[in-house]
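Colleague: Input structure: target_5.txt, which contains compact mmCIF, C-alpha atoms.
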```txt
# COMPACT_ATOMS: atom_id res chain seq x y z
CA MET A 1 79.04 -130.27 21.02
CA SER A 2 80.95 -130.13 24.24
CA GLY A 3 81.63 -126.51 25.15
CA ARG A 4 81.28 -126.89 28.90
CA ALA A 5 80.77 -123.60 30.69
CA GLY A 6 84.14 -122.19 31.69
CA ALA A 7 86.18 -124.79 29.77
CA PRO A 8 88.92 -123.28 27.57
CA ARG A 9 87.84 -122.60 24.02
CA ARG A 10 90.10 -123.86 21.25
CA ILE A 11 90.63 -121.93 18.03
CA HIS A 12 92.47 -123.39 15.05
CA LEU A 13 93.35 -121.21 12.06
CA LEU A 14 94.21 -122.99 8.81
CA ARG A 15 95.35 -120.77 5.97
CA HIS A 16 94.38 -122.28 2.61
CA ALA A 17 97.11 -124.27 0.87
CA LYS A 18 99.11 -122.94 -2.11
CA SER A 19 96.84 -121.87 -4.94
CA ASP A 20 97.32 -122.03 -8.69
CA TRP A 21 97.85 -118.72 -10.47
CA SER A 22 98.36 -120.18 -13.96
CA ASP A 23 94.91 -119.26 -15.31
CA GLY A 24 94.77 -115.48 -15.31
CA SER A 25 91.14 -115.51 -16.45
CA LEU A 26 89.91 -116.89 -13.11
CA ARG A 27 88.50 -114.56 -10.49
CA ASP A 28 90.39 -114.65 -7.18
CA ARG A 29 87.61 -116.63 -5.48
CA GLU A 30 87.81 -119.34 -8.16
CA ARG A 31 91.54 -120.13 -8.03
CA PRO A 32 92.09 -123.86 -7.31
CA LEU A 33 94.91 -125.43 -5.35
CA ALA A 34 98.25 -125.88 -7.07
CA PRO A 35 99.90 -129.34 -7.04
CA ARG A 36 102.10 -128.08 -4.19
CA GLY A 37 98.93 -127.13 -2.29
CA ARG A 38 97.43 -130.61 -2.71
CA LYS A 39 100.71 -132.13 -1.49
CA ALA A 40 100.60 -129.85 1.56
CA CYS A 41 97.03 -130.98 2.30
CA ARG A 42 98.09 -134.62 2.25
CA ALA A 43 100.94 -133.88 4.67
CA LEU A 44 98.65 -131.89 6.94
CA ALA A 45 96.02 -134.65 6.89
CA ARG A 46 98.69 -137.14 8.04
CA HIS A 47 99.66 -134.75 10.82
CA LEU A 48 96.04 -134.30 11.91
CA ARG A 49 95.49 -138.06 12.07
CA GLU A 50 98.51 -138.30 14.42
CA HIS A 51 97.57 -135.14 16.39
CA PRO A 52 93.76 -134.82 16.35
CA LEU A 53 92.38 -131.34 16.98
CA GLY A 54 89.06 -132.43 18.47
CA VAL A 55 87.28 -129.84 16.35
CA GLU A 56 83.51 -129.61 16.75
CA LEU A 57 82.80 -127.01 14.08
CA VAL A 58 84.58 -126.00 10.86
CA LEU A 59 83.95 -122.58 9.35
CA CYS A 60 85.39 -122.32 5.87
CA SER A 61 85.69 -119.47 3.40
CA THR A 62 83.65 -119.90 0.25
CA ALA A 63 86.73 -119.37 -1.97
CA ARG A 64 87.58 -122.46 -4.03
CA ARG A 65 91.14 -122.81 -2.67
CA ALA A 66 89.83 -122.77 0.93
CA ARG A 67 87.14 -125.34 0.14
CA GLU A 68 89.71 -127.58 -1.61
CA THR A 69 92.04 -127.23 1.40
CA LEU A 70 89.26 -128.36 3.70
CA ASP A 71 88.44 -131.24 1.35
CA GLY A 72 92.09 -132.30 1.53
CA VAL A 73 92.09 -132.63 5.33
CA ALA A 74 88.42 -133.41 6.01
CA GLU A 75 88.75 -137.15 6.61
CA ALA A 76 91.41 -136.47 9.25
CA LEU A 77 88.99 -134.21 11.14
CA GLY A 78 86.41 -136.95 11.59
CA ASP A 79 82.68 -136.36 11.81
CA VAL A 80 82.40 -132.62 12.26
CA GLU A 81 79.87 -129.96 11.33
CA VAL A 82 81.05 -127.79 8.40
CA ARG A 83 79.70 -124.38 7.46
CA TYR A 84 80.84 -122.33 4.48
CA GLU A 85 80.95 -118.67 5.44
CA GLU A 86 81.20 -115.86 2.91
CA ALA A 87 82.27 -113.51 5.72
CA ILE A 88 85.62 -115.30 6.17
CA TYR A 89 86.74 -114.43 2.63
CA GLY A 90 88.72 -111.19 2.91
CA ALA A 91 87.93 -110.74 6.61
CA SER A 92 90.20 -108.53 8.69
CA ALA A 93 91.55 -109.61 12.07
CA ARG A 94 88.90 -107.50 13.83
CA GLU A 95 86.14 -109.03 11.72
CA LEU A 96 87.44 -112.53 12.49
CA LEU A 97 87.53 -111.66 16.19
CA GLU A 98 83.89 -110.54 16.11
CA PHE A 99 82.99 -113.67 14.18
CA VAL A 100 84.60 -115.90 16.84
CA ARG A 101 83.05 -113.90 19.69
CA GLY A 102 79.65 -114.69 18.23
CA LEU A 103 80.07 -118.47 18.26
CA PRO A 104 77.54 -120.45 20.32
CA GLU A 105 78.88 -121.31 23.78
CA GLU A 106 78.06 -125.00 23.33
CA VAL A 107 80.88 -125.18 20.75
CA GLY A 108 84.19 -125.84 22.47
CA SER A 109 86.58 -126.05 19.51
CA VAL A 110 86.48 -124.42 16.08
CA LEU A 111 88.60 -124.61 12.93
CA LEU A 112 88.54 -121.63 10.58
CA VAL A 113 89.83 -122.12 7.03
CA GLY A 114 90.64 -118.89 5.26
CA HIS A 115 93.09 -116.31 4.02
CA ASN A 116 95.85 -113.83 4.69
CA PRO A 117 96.38 -111.10 5.59
CA GLY A 118 93.47 -111.54 8.03
CA PHE A 119 94.55 -114.90 9.44
CA GLU A 120 98.12 -113.85 10.20
CA THR A 121 97.02 -110.61 11.85
CA PHE A 122 94.27 -112.41 13.79
CA ALA A 123 96.69 -115.09 15.01
CA LEU A 124 99.14 -112.47 16.24
CA LEU A 125 96.28 -110.54 17.86
CA LEU A 126 95.14 -113.63 19.80
CA ALA A 127 98.60 -114.73 21.00
CA GLY A 128 99.11 -113.76 24.61
CA GLU A 129 100.79 -114.91 27.77
CA GLY A 130 101.61 -118.60 27.83
CA SER A 131 102.06 -118.74 24.07
CA GLU A 132 104.78 -120.93 22.64
CA SER A 133 107.32 -118.19 21.82
CA ALA A 134 109.04 -119.99 18.93
CA GLY A 135 105.64 -120.37 17.26
CA VAL A 136 104.79 -116.70 17.72
CA ASP A 137 108.16 -115.72 16.26
CA ALA A 138 107.56 -118.05 13.30
CA MET A 139 104.09 -116.59 12.71
CA ARG A 140 105.48 -113.09 12.91
CA ALA A 141 108.12 -113.98 10.30
CA LYS A 142 105.60 -115.58 7.90
CA TYR A 143 102.22 -117.31 8.05
CA PRO A 144 102.62 -119.37 4.85
CA THR A 145 99.92 -121.08 2.84
CA GLY A 146 98.78 -124.31 4.48
CA ALA A 147 99.95 -123.24 7.96
CA LEU A 148 97.88 -124.17 11.01
CA ALA A 149 97.89 -122.22 14.28
CA SER A 150 96.22 -123.74 17.35
CA PHE A 151 95.17 -121.65 20.35
CA GLU A 152 93.66 -122.26 23.75
CA GLY A 153 91.53 -119.39 24.96
CA PRO A 154 89.31 -118.28 27.79
CA GLY A 155 86.21 -120.17 28.92
CA SER A 156 83.79 -118.16 26.81
CA TRP A 157 83.81 -117.06 23.18
CA SER A 158 82.73 -113.58 24.22
CA ALA A 159 85.91 -113.29 26.33
CA VAL A 160 88.23 -113.95 23.38
CA GLY A 161 90.20 -110.81 22.64
CA PRO A 162 93.65 -109.39 22.01
CA GLY A 163 96.26 -111.42 23.91
CA SER A 164 93.62 -113.68 25.49
CA CYS A 165 94.78 -116.96 23.98
CA ALA A 166 97.85 -119.14 24.28
CA LEU A 167 99.39 -120.40 21.06
CA ARG A 168 99.81 -124.15 21.52
CA ALA A 169 101.16 -125.06 18.08
CA PHE A 170 102.12 -123.54 14.75
CA VAL A 171 102.60 -126.09 11.99
CA ARG A 172 103.84 -125.31 8.48
CA PRO A 173 103.58 -127.73 5.55
CA ARG A 174 107.33 -127.72 4.87
CA GLU A 175 107.89 -129.11 8.40
CA LEU A 176 105.62 -132.01 7.49
CA GLY A 177 107.17 -132.84 4.16
CA GLY A 178 104.48 -130.96 2.25
```
Before we go any further, please render this structure as structure tokens.
Modeller:
Amino acid sequence: MSGRAGAPRRIHLLRHAKSDWSDGSLRDRERPLAPRGRKACRALARHLREHPLGVELVLCSTARRARETLDGVAEALGDVEVRYEEAIYGASARELLEFVRGLPEEVGSVLLVGHNPGFETFALLLAGEGSESAGVDAMRAKYPTGALASFEGPGSWSAVGPGSCALRAFVRPRELGG
């Protein structure tokens, strides 16, 4: 892990890809990806191979659709530590903020894989000065399934807060052919 003291922290938020609602007997946590979701994962994996995130730690919701989304892009992330976190499922923006603030300082870059409405609200909470304005406008309009927001933040996880990060990219599957 390479979280040098004072170096900007990087936060990447990947909303799970499109899930399948066809089996009404499944609990919400057990819904798999839809074919469109798997296609979006393939497109996102291609994008990540071309534009590596340099992620050191992945924290993924325990919901099936989040795990399958991570599986769909995992090879493009390279050799990275993965943890499945129950707390990400259904987390609010404030809960996600506290979760990130508690990360070990030796981690410099993290990818969270989870759900709306928490991810959209959290992304908008983080976006501050220096953010790519078109991306913020796009997130405000809609944070669709399979979308990835990438932020650069302050030099310590404990300093991450409202408006403390710059949005560097907001990628949606439809822009990638997914």
Colleague: Can you tell me which residues surround Gly6 in chain A at a distance of at most 8 Å, considering all atoms listed in the file, apart from same-chain residues fewer than 6 positions away, and format the answer as a PDB file with C-alpha atoms, in the frame of the given file?
Modeller:
```
ATOM      1  CA  PRO A 154      89.310-118.280  27.790  1.00  0.00           C
ATOM      2  CA  GLY A 155      86.210-120.170  28.920  1.00  0.00           C
ATOM      3  CA  SER A 156      83.790-118.160  26.810  1.00  0.00           C
TER       4      SER A 156
END
```
Colleague: Pick out the closest residue to Leu44 in chain A from this set: A:Arg64, A:Arg29, A:Arg140, A:Arg15. Count only C-alpha atoms.
Modeller: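 Result for the nearest residue to Leu44 in chain A: A:Arg15.
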Colleague: Name the closest residue to Val171 in chain A among the candidates A:Gly102, A:Gly90, A:Gly146, A:Gly37; distances are taken between atoms, counting only C-alpha atoms.
Modeller: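 Of all the options, A:Gly146 lies closest to Val171 in chain A.
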Colleague: Within 12 Å of Arg42 in chain A, counting all atoms listed in the file, which residues qualify if same-chain residues fewer than 5 places away don't, as a PyMOL selection string?
Modeller: chain A and resi 17+35-37+47-49+68-76+146+173-174+176-178
Colleague: Pick the closest to Phe119 in chain A from A:Glu106, A:Glu85, A:Glu95, A:Asp20: which is it, counting only C-alpha atoms?
Modeller: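 Among the listed residues, the smallest separation from Phe119 in chain A belongs to A:Glu95.
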Colleague: Rank nothing, just name the residue among A:Gly78, A:Gly114, A:Gly130, A:Pro162 nearest to Glu98 in chain A, using all atoms listed in the file.
Modeller: A:Pro162
Colleague: For each of A:His12, A:Arg94, A:Arg168, A:Arg67, take the minimum atom-to-atom distance to Glu132 in chain A, counting all atoms listed in the file, then give the residue where this is smallest.
Modeller: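 Going through A:His12, A:Arg94, A:Arg168, A:Arg67 one by one, the smallest distance to Glu132 in chain A is for A:Arg168.
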Colleague: Between A:Ala169, A:Leu125, A:Cys41, A:Met139, which has the minimum distance to Leu53 in chain A (counting only C-alpha atoms)?
Modeller: A:Ala169
Colleague: Would you compute, for all listed atoms of range 52-58 of chain A, the axis-aligned bounding box grown by 8 Å on each side, and then report its centre and edge lengths in Å rounded to one decimal, as lines of an AutoDock Vina configuration file?
Modeller:
```
center_x = 88.3
center_y = -130.4
center_z = 14.7
size_x = 27.0
size_y = 24.8
size_z = 23.6
```
Colleague: In Å, with one decimal, what is the gap from CA of Val136 in chain A to CA of His51 in chain A?
Modeller: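 Computing the Euclidean distance for CA of Val136 in chain A and CA of His51 in chain A yields 19.8 Å.
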